[in-house]
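What's in entry_13.txt: compact mmCIF, C-alpha atoms
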```txt
# COMPACT_ATOMS: atom_id res chain seq x y z
CA MET A 165 89.10 105.79 91.19
CA LYS A 166 92.55 106.83 90.03
CA LEU A 167 95.58 105.57 91.90
CA PHE A 168 97.03 107.79 94.60
CA ASP A 169 99.68 107.74 97.28
CA TYR A 170 98.23 107.35 100.76
CA LEU A 171 100.14 109.28 103.40
CA GLU A 172 99.71 109.23 107.17
CA PRO A 173 101.54 112.15 108.82
CA GLY A 174 101.99 111.89 112.58
CA THR A 175 102.02 115.63 113.29
CA ILE A 176 100.40 118.80 111.94
CA GLY A 177 103.87 119.95 110.83
CA GLU A 178 104.32 116.84 108.70
CA ALA A 179 100.82 117.26 107.25
CA THR A 180 101.30 120.89 106.22
CA GLN A 181 104.72 120.12 104.73
CA LEU A 182 103.19 117.31 102.69
CA LEU A 183 100.39 119.61 101.58
CA TYR A 184 102.95 122.17 100.49
CA ASP A 185 105.32 119.72 98.81
CA CYS A 186 102.80 117.56 97.04
CA GLY A 187 102.13 119.96 94.21
CA GLU A 188 98.73 120.53 92.69
CA LYS A 189 96.70 117.63 93.91
CA PRO A 190 97.07 116.77 97.57
CA ARG A 191 93.88 116.28 99.55
CA ILE A 192 93.33 116.00 103.27
CA LEU A 193 91.37 112.94 104.36
CA ALA A 194 89.52 113.26 107.66
CA GLY A 195 86.12 111.53 107.67
CA GLY A 196 86.04 111.00 103.93
CA ILE A 197 82.32 111.70 103.65
CA HIS A 198 82.86 114.31 100.91
CA LEU A 199 86.25 113.32 99.49
CA ILE A 200 85.79 109.59 98.88
CA PRO A 201 82.56 109.61 96.87
CA ARG A 202 83.84 112.53 94.75
CA MET A 203 87.10 110.74 94.03
CA ARG A 204 85.26 107.56 93.11
CA LYS A 205 83.13 109.50 90.64
CA GLY A 206 86.19 111.24 89.22
CA GLU A 207 84.89 114.67 90.28
CA ILE A 208 87.94 115.20 92.48
CA GLU A 209 91.38 114.00 91.39
CA ALA A 210 93.95 113.53 94.10
CA GLU A 211 97.46 112.19 93.59
CA TYR A 212 98.16 112.32 97.32
CA VAL A 213 95.67 111.56 100.06
CA ILE A 214 96.93 112.90 103.38
CA ASP A 215 95.10 111.07 106.17
CA ILE A 216 95.17 113.16 109.36
CA GLN A 217 93.42 110.67 111.66
CA LYS A 218 96.67 109.62 113.38
CA ILE A 219 97.66 113.14 114.44
CA PRO A 220 97.15 113.18 118.22
CA GLY A 221 94.86 115.70 119.84
CA LEU A 222 92.96 116.82 116.74
CA ASP A 223 89.74 115.19 117.94
CA ARG A 224 89.56 117.07 121.20
CA ILE A 225 86.76 119.39 122.30
CA VAL A 226 88.29 121.70 124.88
CA THR A 227 86.80 124.30 127.20
CA GLU A 228 89.03 127.36 127.24
CA GLY A 229 89.91 129.31 130.36
CA LYS A 230 88.04 132.37 129.14
CA GLY A 231 84.87 130.33 128.71
CA GLY A 232 84.98 129.58 125.00
CA VAL A 233 85.33 126.14 123.43
CA THR A 234 87.67 124.91 120.72
CA PHE A 235 87.57 121.69 118.77
CA GLY A 236 90.09 120.25 116.36
CA ALA A 237 90.05 119.11 112.74
CA MET A 238 89.26 115.49 113.62
CA ALA A 239 86.38 116.29 116.00
CA ARG A 240 83.57 114.16 114.54
CA LEU A 241 80.12 115.64 114.08
CA ARG A 242 78.81 113.00 116.47
CA SER A 243 81.22 113.95 119.28
CA ILE A 244 80.36 117.61 118.93
CA GLU A 245 76.64 116.78 118.92
CA SER A 246 77.03 114.61 122.04
CA SER A 247 79.17 117.09 123.93
CA ARG A 248 77.36 118.43 127.00
CA ILE A 249 79.17 121.73 126.82
CA ILE A 250 78.16 122.24 123.18
CA GLN A 251 74.55 121.31 123.95
CA SER A 252 74.30 123.77 126.81
CA LYS A 253 76.42 126.69 125.61
CA TYR A 254 76.04 126.49 121.82
CA PRO A 255 72.61 124.98 121.16
CA VAL A 256 72.53 126.46 117.64
CA LEU A 257 75.52 124.30 116.68
CA TYR A 258 73.98 121.27 118.36
CA GLU A 259 70.72 121.82 116.44
CA ALA A 260 72.49 122.23 113.11
CA ILE A 261 74.30 118.91 113.58
CA HIS A 262 71.40 117.06 115.20
CA GLN A 263 69.14 117.53 112.19
CA ILE A 264 71.67 115.66 110.02
CA THR A 265 69.90 112.32 110.00
CA SER A 266 72.54 109.76 109.07
CA VAL A 267 74.21 108.47 112.22
CA GLN A 268 77.01 106.95 110.16
CA THR A 269 77.74 110.30 108.49
CA LYS A 270 78.05 111.89 111.91
CA TYR A 271 80.33 109.18 113.29
CA MET A 272 82.65 109.53 110.29
CA GLY A 273 82.31 113.15 109.24
CA THR A 274 84.11 116.03 110.91
CA ALA A 275 82.84 119.59 111.37
CA VAL A 276 86.07 121.00 109.92
CA GLY A 277 85.81 118.74 106.88
CA ASN A 278 82.25 119.93 106.39
CA LEU A 279 83.41 123.57 106.56
CA CYS A 280 86.26 123.02 104.12
CA VAL A 281 83.98 121.74 101.36
CA GLY A 282 82.93 125.36 101.00
CA THR A 283 79.31 124.79 100.12
CA PRO A 284 76.89 127.55 101.10
CA ALA A 285 74.44 124.79 102.02
CA SER A 286 76.46 123.70 105.04
CA ASP A 287 74.21 123.79 108.11
CA VAL A 288 77.32 123.57 110.29
CA ALA A 289 78.91 126.64 108.64
CA THR A 290 75.65 128.60 108.94
CA SER A 291 75.45 127.96 112.68
CA LEU A 292 79.14 128.82 113.13
CA PHE A 293 78.59 132.15 111.36
CA ALA A 294 75.90 132.90 113.94
CA LEU A 295 78.29 132.03 116.75
CA GLY A 296 81.08 134.25 115.44
CA ALA A 297 83.42 131.28 115.24
CA ARG A 298 87.04 131.69 114.22
CA LEU A 299 89.16 129.14 112.39
CA LYS A 300 92.70 128.06 113.30
CA ILE A 301 94.56 127.73 110.05
CA THR A 302 98.01 126.16 110.11
CA GLY A 303 100.52 126.27 107.28
CA THR A 304 104.20 125.66 106.77
CA ARG A 305 104.95 129.13 108.09
CA GLY A 306 102.84 128.98 111.22
CA GLU A 307 99.30 129.50 112.41
CA ARG A 308 96.73 132.19 111.69
CA ILE A 309 93.27 132.79 113.09
CA GLU A 310 90.51 133.85 110.72
CA PRO A 311 86.89 134.78 111.46
CA ILE A 312 84.69 132.31 109.63
CA GLU A 313 83.04 135.21 107.78
CA LYS A 314 86.32 135.82 105.96
CA PHE A 315 86.94 132.16 105.15
CA TYR A 316 84.74 131.82 102.07
CA ALA A 317 85.80 133.86 99.07
CA ASP A 318 83.21 132.36 96.73
CA TYR A 319 81.26 129.21 96.02
CA HIS A 320 83.49 126.25 97.01
CA LEU A 321 86.44 128.64 97.43
CA THR A 322 88.11 129.04 100.79
CA SER A 323 90.95 131.32 101.80
CA LEU A 324 93.33 128.39 102.31
CA LYS A 325 96.66 128.90 100.62
CA ARG A 326 99.09 126.22 99.50
CA GLY A 327 100.28 124.16 102.43
CA GLU A 328 97.50 125.34 104.74
CA MET A 329 94.85 123.35 106.53
CA VAL A 330 92.19 124.21 109.09
CA THR A 331 93.31 122.64 112.36
CA GLY A 332 90.57 123.87 114.68
CA VAL A 333 87.50 125.97 115.34
CA VAL A 334 87.34 128.50 118.16
CA LEU A 335 83.95 129.30 119.63
CA PRO A 336 83.83 132.49 121.71
CA ASP A 337 82.24 132.41 125.12
CA SER A 338 78.49 132.85 124.83
CA PRO A 339 77.26 135.74 126.99
CA PRO A 340 74.47 134.87 129.47
CA GLY A 341 71.76 136.93 127.78
CA MET A 342 72.28 135.28 124.37
CA GLY A 343 69.59 133.31 122.61
CA THR A 344 70.22 131.32 119.46
CA ALA A 345 68.20 129.30 116.96
CA PHE A 346 68.77 127.22 113.83
CA LEU A 347 66.06 126.50 111.26
CA ASN A 348 66.12 125.06 107.78
CA LEU A 349 63.82 123.74 105.07
CA VAL A 350 64.48 120.42 103.38
CA ARG A 351 62.74 118.12 100.89
CA THR A 352 63.50 115.18 103.15
CA HIS A 353 65.62 115.16 106.27
CA ALA A 354 68.25 113.07 104.51
CA ASP A 355 68.67 115.84 101.90
CA ILE A 356 70.73 119.00 101.77
CA ALA A 357 68.88 122.16 102.90
CA LYS A 358 66.95 124.35 100.49
CA ILE A 359 67.78 127.21 102.80
CA SER A 360 69.04 127.47 106.37
CA VAL A 361 69.10 130.25 108.91
CA ALA A 362 71.02 130.58 112.18
CA VAL A 363 70.58 133.48 114.53
CA ALA A 364 72.27 134.65 117.74
CA ILE A 365 70.96 137.64 119.65
CA VAL A 366 71.83 139.33 122.95
CA VAL A 367 69.16 141.47 124.54
CA GLU A 368 69.40 143.70 127.64
CA ASP A 369 66.36 145.57 128.96
CA GLY A 370 64.55 145.04 125.69
CA ILE A 371 67.38 146.48 123.62
CA CYS A 372 69.43 144.40 121.21
CA ARG A 373 73.09 144.56 122.22
CA ASP A 374 74.42 142.18 119.57
CA VAL A 375 72.93 140.11 116.78
CA ARG A 376 74.12 137.80 114.04
CA VAL A 377 71.82 136.57 111.29
CA ALA A 378 73.44 133.92 109.11
CA ILE A 379 71.83 132.48 105.99
CA GLY A 380 72.89 129.35 104.13
CA ALA A 381 72.08 128.02 100.66
CA ALA A 382 70.79 131.41 99.50
CA ALA A 383 73.95 132.95 98.01
CA PRO A 384 77.31 131.70 96.64
CA THR A 385 78.55 131.49 100.23
CA VAL A 386 77.02 131.43 103.70
CA PHE A 387 76.64 135.08 104.64
CA ARG A 388 75.50 137.35 107.43
CA ALA A 389 72.57 139.61 106.63
CA ALA A 390 74.42 142.75 107.70
CA LYS A 391 71.67 145.22 106.78
CA ALA A 392 69.12 143.23 108.76
CA GLU A 393 71.51 143.11 111.70
CA SER A 394 72.06 146.88 111.63
CA LEU A 395 68.28 147.40 111.82
CA LEU A 396 68.23 145.51 115.10
CA ASN A 397 71.52 146.47 116.73
CA GLY A 398 71.05 149.01 119.51
CA GLU A 399 67.30 149.15 118.92
CA MET A 400 64.24 148.17 120.98
CA ILE A 401 63.10 144.73 119.97
CA THR A 402 59.50 144.85 118.77
CA SER A 403 57.62 142.54 116.44
CA GLN A 404 57.73 145.29 113.79
CA ALA A 405 61.51 145.42 114.12
CA VAL A 406 61.72 141.65 113.73
CA ASN A 407 59.47 141.68 110.66
CA LYS A 408 61.44 144.50 109.06
CA ALA A 409 64.71 142.70 109.76
CA ALA A 410 63.34 139.51 108.20
CA GLU A 411 62.23 141.36 105.05
CA THR A 412 65.61 143.09 104.80
CA ALA A 413 67.49 139.81 105.26
CA SER A 414 65.44 138.30 102.46
CA ALA A 415 66.43 141.16 100.14
CA GLU A 416 70.09 140.48 100.93
CA THR A 417 69.94 136.93 99.58
CA ARG A 418 71.25 136.05 96.11
CA PRO A 419 69.66 132.64 95.64
CA ILE A 420 69.70 130.38 92.61
CA THR A 421 67.14 127.96 91.23
CA ASP A 422 68.36 124.37 91.36
CA LEU A 423 66.98 120.88 91.82
CA ARG A 424 66.06 121.55 95.45
CA SER A 425 64.24 124.85 95.20
CA THR A 426 63.67 128.03 93.20
CA ALA A 427 65.35 131.38 93.77
CA GLU A 428 61.93 132.86 94.42
CA TYR A 429 61.02 130.34 97.09
CA ARG A 430 64.40 130.66 98.79
CA ARG A 431 64.06 134.44 98.88
CA GLU A 432 60.55 134.22 100.32
CA MET A 433 61.47 131.56 102.85
CA ALA A 434 64.51 133.55 104.01
CA LYS A 435 62.02 136.08 105.33
CA VAL A 436 59.91 133.42 107.04
CA LEU A 437 62.84 131.57 108.59
CA VAL A 438 64.66 134.70 109.76
CA LYS A 439 61.48 135.89 111.47
CA ARG A 440 60.88 132.53 113.13
CA ALA A 441 64.53 132.11 114.10
CA LEU A 442 64.66 135.58 115.64
CA GLU A 443 61.47 134.90 117.61
CA LYS A 444 62.83 131.58 118.84
CA ALA A 445 66.20 133.08 119.75
CA LEU A 446 64.53 135.97 121.57
CA ALA A 447 62.37 133.60 123.58
CA ARG A 448 65.47 131.68 124.54
CA ALA A 449 67.20 134.92 125.51
CA GLY A 450 64.33 135.35 127.94
CA CYS A 451 62.78 138.20 126.05
CA ARG A 452 59.26 138.64 124.73
CA GLY A 453 59.56 140.97 121.71
CA MET B 288 101.12 100.39 94.41
CA LYS B 289 99.66 97.46 96.31
CA GLU B 290 100.61 97.16 99.94
CA LYS B 291 100.11 94.56 102.63
CA VAL B 292 97.40 95.57 105.07
CA ILE B 293 96.33 93.65 108.16
CA LEU B 294 92.70 94.19 109.13
CA GLN B 295 91.12 92.99 112.34
CA ILE B 296 87.72 91.67 111.33
CA ASN B 297 85.33 90.04 113.79
CA GLY B 298 88.24 89.41 116.15
CA GLU B 299 90.50 87.79 113.54
CA ASN B 300 93.50 89.28 111.79
CA ARG B 301 93.11 89.09 108.02
CA GLU B 302 95.92 90.01 105.67
CA VAL B 303 95.20 91.52 102.27
CA PHE B 304 97.38 92.93 99.50
CA ILE B 305 95.61 95.99 98.12
CA GLU B 306 95.92 99.44 96.59
CA PRO B 307 95.08 102.39 98.86
CA LYS B 308 92.10 103.28 96.67
CA ARG B 309 90.14 100.13 97.62
CA THR B 310 87.19 100.78 99.89
CA LEU B 311 86.59 98.64 102.96
CA LEU B 312 83.36 97.44 101.33
CA GLU B 313 85.23 96.14 98.27
CA VAL B 314 87.90 94.49 100.38
CA LEU B 315 85.39 92.78 102.69
CA ARG B 316 83.35 91.40 99.82
CA GLU B 317 85.95 90.76 97.13
CA GLU B 318 89.23 90.10 98.92
CA ILE B 319 88.02 88.45 102.10
CA GLY B 320 84.78 86.92 100.87
CA LEU B 321 82.57 88.32 103.62
CA THR B 322 79.52 89.19 101.53
CA GLY B 323 77.15 89.87 104.43
CA THR B 324 77.97 93.57 104.07
CA LYS B 325 75.96 94.77 101.08
CA GLU B 326 76.76 97.11 98.21
CA ALA B 327 73.64 99.03 97.24
CA CYS B 328 74.10 102.73 96.42
CA ASP B 329 77.88 102.71 96.88
CA THR B 330 77.74 106.47 97.42
CA GLY B 331 77.06 106.77 101.14
CA ALA B 332 73.33 107.47 100.96
CA CYS B 333 71.64 104.18 101.87
CA GLY B 334 73.55 102.59 104.76
CA ALA B 335 73.46 99.03 103.37
CA CYS B 336 77.26 98.94 103.62
CA THR B 337 77.25 99.78 107.33
CA VAL B 338 79.84 98.03 109.48
CA LEU B 339 81.01 98.80 113.00
CA ILE B 340 84.50 100.22 113.42
CA ASP B 341 85.49 100.35 117.09
CA ASN B 342 81.80 99.78 117.79
CA LYS B 343 80.64 102.81 115.84
CA PRO B 344 78.46 102.46 112.73
CA VAL B 345 80.22 103.71 109.60
CA LEU B 346 79.78 103.49 105.83
CA SER B 347 82.26 100.98 104.45
CA CYS B 348 81.71 102.21 100.88
CA LEU B 349 83.23 105.56 101.87
CA THR B 350 86.03 104.13 104.01
CA LEU B 351 89.44 103.34 102.59
CA ALA B 352 90.57 99.90 103.74
CA VAL B 353 94.12 101.16 104.32
CA ALA B 354 92.74 103.67 106.82
CA CYS B 355 91.41 100.83 109.01
CA LYS B 356 94.70 99.41 110.28
CA GLY B 357 94.63 98.79 114.01
CA LYS B 358 90.88 99.19 114.32
CA GLU B 359 88.24 96.62 115.33
CA ILE B 360 85.94 95.95 112.42
CA THR B 361 82.67 94.13 113.05
CA THR B 362 80.55 92.87 110.18
CA ILE B 363 77.18 91.09 110.36
CA GLU B 364 79.03 87.78 110.23
CA GLY B 365 80.61 88.66 113.56
CA LEU B 366 77.38 88.86 115.52
CA LYS B 367 76.49 85.25 116.08
CA GLU B 368 78.22 83.22 118.77
CA GLY B 369 78.95 79.79 117.36
CA GLU B 370 75.60 78.76 115.88
CA LYS B 371 73.58 81.01 118.18
CA LEU B 372 72.19 84.13 116.52
CA HIS B 373 72.52 87.53 118.17
CA PRO B 374 69.24 88.59 119.84
CA LEU B 375 68.80 91.31 117.18
CA GLN B 376 69.17 88.77 114.37
CA ALA B 377 66.65 86.44 116.01
CA SER B 378 64.23 89.30 116.67
CA PHE B 379 64.35 90.52 113.07
CA ILE B 380 63.39 87.01 111.89
CA GLU B 381 60.73 86.66 114.57
CA HIS B 382 59.07 90.00 113.79
CA GLY B 383 59.03 89.81 109.99
CA ALA B 384 61.54 92.66 109.77
CA ILE B 385 63.32 91.08 106.78
CA GLN B 386 61.94 91.05 103.24
CA CYS B 387 64.63 91.20 100.55
CA GLY B 388 67.34 91.35 103.18
CA MET B 389 69.56 93.96 101.53
CA CYS B 390 69.20 96.55 104.28
CA THR B 391 69.23 93.99 107.08
CA PRO B 392 72.92 93.62 107.93
CA GLY B 393 73.44 97.39 108.05
CA MET B 394 70.17 97.87 109.94
CA ILE B 395 71.12 95.30 112.58
CA LEU B 396 74.59 96.76 113.07
CA SER B 397 73.18 100.27 113.51
CA ALA B 398 70.72 98.84 116.03
CA LYS B 399 73.49 96.99 117.83
CA ALA B 400 75.51 100.18 118.13
CA LEU B 401 72.47 101.91 119.63
CA LEU B 402 71.74 99.18 122.18
CA ASP B 403 75.38 98.88 123.19
CA GLU B 404 75.34 102.59 124.03
CA ASN B 405 71.75 102.82 125.30
CA PRO B 406 70.10 99.53 126.28
CA ASP B 407 66.72 101.15 126.88
CA PRO B 408 65.91 103.52 124.04
CA GLY B 409 62.43 104.78 123.23
CA GLU B 410 60.90 104.48 119.78
CA ILE B 411 62.12 107.91 118.68
CA GLU B 412 65.70 107.05 119.59
CA VAL B 413 65.44 103.77 117.69
CA ARG B 414 64.14 105.60 114.61
CA LYS B 415 66.92 108.17 114.85
CA ALA B 416 69.54 105.43 115.24
CA ILE B 417 68.48 103.76 111.97
CA ALA B 418 67.90 107.04 110.11
CA GLY B 419 71.02 106.37 108.04
CA ASN B 420 69.72 102.97 106.88
CA LEU B 421 67.16 102.94 104.08
CA CYS B 422 64.71 100.09 103.56
CA ARG B 423 62.66 99.93 100.38
CA CYS B 424 60.61 96.88 101.35
CA THR B 425 59.24 96.95 104.86
CA GLY B 426 58.20 100.50 105.67
CA TYR B 427 60.35 100.25 108.83
CA VAL B 428 57.53 99.38 111.27
CA LYS B 429 58.58 95.76 111.80
CA ILE B 430 62.22 96.77 111.99
CA VAL B 431 61.49 99.22 114.81
CA GLU B 432 59.32 96.62 116.58
CA ALA B 433 62.08 94.02 116.28
CA ILE B 434 64.63 96.35 117.86
CA LEU B 435 62.30 97.46 120.66
CA ALA B 436 61.45 93.83 121.39
CA VAL B 437 65.12 93.16 122.13
CA THR B 438 65.18 96.04 124.62
CA ARG B 439 62.24 94.46 126.42
CA GLY B 440 64.13 91.20 126.59
CA GLU B 441 61.63 89.44 124.37
```

With the file now loaded, output its structure as structure tokens.
Amino acid sequence: MKLFDYLEPGTIGEATQLLYDCGEKPRILAGGIHLIPRMRKGEIEAEYVIDIQKIPGLDRIVTEGKGGVTFGAMARLRSIESSRIIQSKYPVLYEAIHQITSVQTKYMGTAVGNLCVGTPASDVATSLFALGARLKITGTRGERIEPIEKFYADYHLTSLKRGEMVTGVVLPDSPPGMGTAFLNLVRTHADIAKISVAVAIVVEDGICRDVRVAIGAAAPTVFRAAKAESLLNGEMITSQAVNKAAETASAETRPITDLRSTAEYRREMAKVLVKRALEKALARAGCRG
Amino acid sequence: MKEKVILQINGENREVFIEPKRTLLEVLREEIGLTGTKEACDTGACGACTVLIDNKPVLSCLTLAVACKGKEITTIEGLKEGEKLHPLQASFIEHGAIQCGMCTPGMILSAKALLDENPDPGEIEVRKAIAGNLCRCTGYVKIVEAILAVTRGE
């Protein structure tokens, strides 16, 4: 690994200023699960490693007055997984983290770090798309809030500008009639997903009031299957509607063939997983479609 | 640029003079001479490098040593009390849970972290707790039995 300067800012302001001032190659270190192995292989070069673990308050998981929950950039995957409020109000996020098998990875890794890698195969990102999460992004000129759907411009490309870092994730309050589900397919549970699906649906009197269908590892970024969603929104939920939505979602994927799976299989399994995830989410919403 | 770093390992302060790029695994094995923590994949996939930091199991091959200032690091060497083995160590020997031994230190520390948090886990919880520790020799059955035996006070 190449030599670098190791910096430990004590505040977010110091961290963003360092990010801005340190030229081309500063990198934030949170859990290190992604950064360290890449640096050791030479795949990432960093002249400055900005360790944010000492910044107070970044690890907190906070219930907001309006019923939502926010967590900071140092909130470890394990703390989020263990949080009672996350388990009860945002089970889709709990499920996405829980199926990550390595305990050590979850004690070290942070959800925000996971999101900032920018891989479409992030189970955490997929579940946050389904929850309509928003990201707190802080830079040298202040803070902005961005819906997670706008955060990924392309494969491994986020909207972060020079001097900016994600400092938190905001989860909106989950309405009482909402059901969610997370499903993925893997070669082994220690491996990255071939494809993942996260769904959130709100149903009232048999009619879909709101739905989000998020798909991971089947396009250059995590995405919401907007056409599938529009087939369900405002409509009576029937098994035909669910099937049609699943087929439509599958057609919206742009998968590749790689060492984990083929484009064809991913496309086909998108249909299967979206159908199953919708059925599971509907059952949890208390609705028999 | 090398810098002086004081690490608290198994209750003792150890001073090393290292570059920030050194991993905790390298520093434990090469600077301090504590070779109980093993280097196997060195990429965070196998768990052989597992140590406890503030009682939580982490991968020392992916941890920068400079980032560990002020934290309590526990390695496998820190488990015994005098000459008396920790119950997990004794149980692993008793139950044939050790073959080549490479996974063992990491396995035991992951198990210790589980039992410190939950003294009465079921088999599924034991298996989940060691899911980040790979063993190529034993097939895991004896390892799980050894850990469960400790919970039953055997």

(message) To one decimal place in Å, what is the distance between CA of Thr310 in chain B and CA of Val276 in chain A?
(response) 22.6 Å

(request) Compile the contact shell of Ala354 in chain B as a ChimeraX atom specification: residues with an atom at most 8 Å away, counting only C-alpha atoms, same-chain residues fewer than 3 positions apart removed. (result) /A:215 /B:350-351

(request) With a cut-off of 12 Å and counting only C-alpha atoms, select all residues of chain A in contact with chain B and give the selection as number ranges by chain. (result) A: 165-172, 193-205, 209-218, 240, 242-243, 262-273, 352-356

(message) Excluding Leu321 in chain B and its own-chain neighbours fewer than 4 positions away, which residues fall within 12 Å of it when counting only C-alpha atoms? Please give them as a PyMOL selection string.
(response) chain B and resi 296-297+301+311-317+325-326+336+338+361-365+392

Export of prior selection with C-alpha atoms as a compact mmCIF listing (two decimals), in the coordinates of the input:
```txt
# COMPACT_ATOMS: atom_id res chain seq x y z
CA ILE B 296 87.72 91.67 111.33
CA ASN B 297 85.33 90.04 113.79
CA ARG B 301 93.11 89.09 108.02
CA LEU B 311 86.59 98.64 102.96
CA LEU B 312 83.36 97.44 101.33
CA GLU B 313 85.23 96.14 98.27
CA VAL B 314 87.90 94.49 100.38
CA LEU B 315 85.39 92.78 102.69
CA ARG B 316 83.35 91.40 99.82
CA GLU B 317 85.95 90.76 97.13
CA LYS B 325 75.96 94.77 101.08
CA GLU B 326 76.76 97.11 98.21
CA CYS B 336 77.26 98.94 103.62
CA VAL B 338 79.84 98.03 109.48
CA THR B 361 82.67 94.13 113.05
CA THR B 362 80.55 92.87 110.18
CA ILE B 363 77.18 91.09 110.36
CA GLU B 364 79.03 87.78 110.23
CA GLY B 365 80.61 88.66 113.56
CA PRO B 392 72.92 93.62 107.93
```

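CA of Ile395 in chain B is found 20.2 Å from CA of Lys358 in chain B.
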
(message) Tell me which residues come within 6 Å of (71.4, 96.3, 105.1), as JSON, numbers by chain, counting all atoms listed in the file in the file's coordinates.
(response) {"B": [335, 389, 390, 391, 392, 393, 394]}

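Straight-line separation from CA of Gly380 in chain A to CA of Leu279 in chain A: 12.2 Å.
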
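Considering all atoms listed in the file, the residue among B:Val437, B:Ile385, B:Leu375, B:Leu401 positioned nearest to Cys424 in chain B is B:Ile385.
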
(message) For range 300-312 of chain A, find every residue with an atom within 6 Å (counting only C-alpha atoms), except residues of its own chain fewer than 4 positions away, and show them as a ChimeraX atom specification.
(response) /A:180-181,327-333

(request) Can you pull out every residue within 9 Å of Leu292 in chain A, counting only C-alpha atoms, but drop anything in the same chain fewer than 6 positions away, and send it as a list in words? (result) Val256, Leu257, Arg298, Ile312, Leu335, Ala362 and Ala378 of chain A

Restrict the selected residues to C-alpha atoms and save them as an mmCIF file, keeping the file's coordinate frame.
```
data_model
loop_
_atom_site.group_PDB
_atom_site.id
_atom_site.type_symbol
_atom_site.label_atom_id
_atom_site.label_comp_id
_atom_site.auth_asym_id
_atom_site.auth_seq_id
_atom_site.Cartn_x
_atom_site.Cartn_y
_atom_site.Cartn_z
ATOM 1 C CA VAL A 256 72.530 126.460 117.640
ATOM 2 C CA LEU A 257 75.520 124.300 116.680
ATOM 3 C CA ARG A 298 87.040 131.690 114.220
ATOM 4 C CA ILE A 312 84.690 132.310 109.630
ATOM 5 C CA LEU A 335 83.950 129.300 119.630
ATOM 6 C CA ALA A 362 71.020 130.580 112.180
ATOM 7 C CA ALA A 378 73.440 133.920 109.110
#
```

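Nearest residue to Gly409 in chain B among B:Ala327, B:Cys387, B:Leu435, B:Leu294 is B:Leu435, counting only C-alpha atoms.
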
With a distance cut-off of 12 Å and all atoms listed in the file, select the neighbouring residues of Thr425 in chain B, excluding the residue or stretch itself and same-chain residues fewer than 2 positions from it, and output the selection as a PDB file with C-alpha atoms, keeping the file's coordinate frame.
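Heads up, here's the output in selection.pdb:
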```pdb
ATOM      1  CA  PHE B 379      64.350  90.520 113.070  1.00  0.00           C
ATOM      2  CA  HIS B 382      59.070  90.000 113.790  1.00  0.00           C
ATOM      3  CA  GLY B 383      59.030  89.810 109.990  1.00  0.00           C
ATOM      4  CA  ALA B 384      61.540  92.660 109.770  1.00  0.00           C
ATOM      5  CA  ILE B 385      63.320  91.080 106.780  1.00  0.00           C
ATOM      6  CA  GLN B 386      61.940  91.050 103.240  1.00  0.00           C
ATOM      7  CA  CYS B 387      64.630  91.200 100.550  1.00  0.00           C
ATOM      8  CA  GLY B 388      67.340  91.350 103.180  1.00  0.00           C
ATOM      9  CA  MET B 389      69.560  93.960 101.530  1.00  0.00           C
ATOM     10  CA  CYS B 390      69.200  96.550 104.280  1.00  0.00           C
ATOM     11  CA  THR B 391      69.230  93.990 107.080  1.00  0.00           C
ATOM     12  CA  LEU B 421      67.160 102.940 104.080  1.00  0.00           C
ATOM     13  CA  CYS B 422      64.710 100.090 103.560  1.00  0.00           C
ATOM     14  CA  ARG B 423      62.660  99.930 100.380  1.00  0.00           C
ATOM     15  CA  TYR B 427      60.350 100.250 108.830  1.00  0.00           C
ATOM     16  CA  VAL B 428      57.530  99.380 111.270  1.00  0.00           C
ATOM     17  CA  LYS B 429      58.580  95.760 111.800  1.00  0.00           C
ATOM     18  CA  ILE B 430      62.220  96.770 111.990  1.00  0.00           C
ATOM     19  CA  VAL B 431      61.490  99.220 114.810  1.00  0.00           C
ATOM     20  CA  GLU B 432      59.320  96.620 116.580  1.00  0.00           C
TER      21      GLU B 432
END
```

(message) The residues within 7 Å of (61.8, 88.9, 118.2), using all atoms listed in the file and the coordinates of the file, should be reported as a ChimeraX atom specification; which are they?
(response) /B:377-382,433,436-437,441
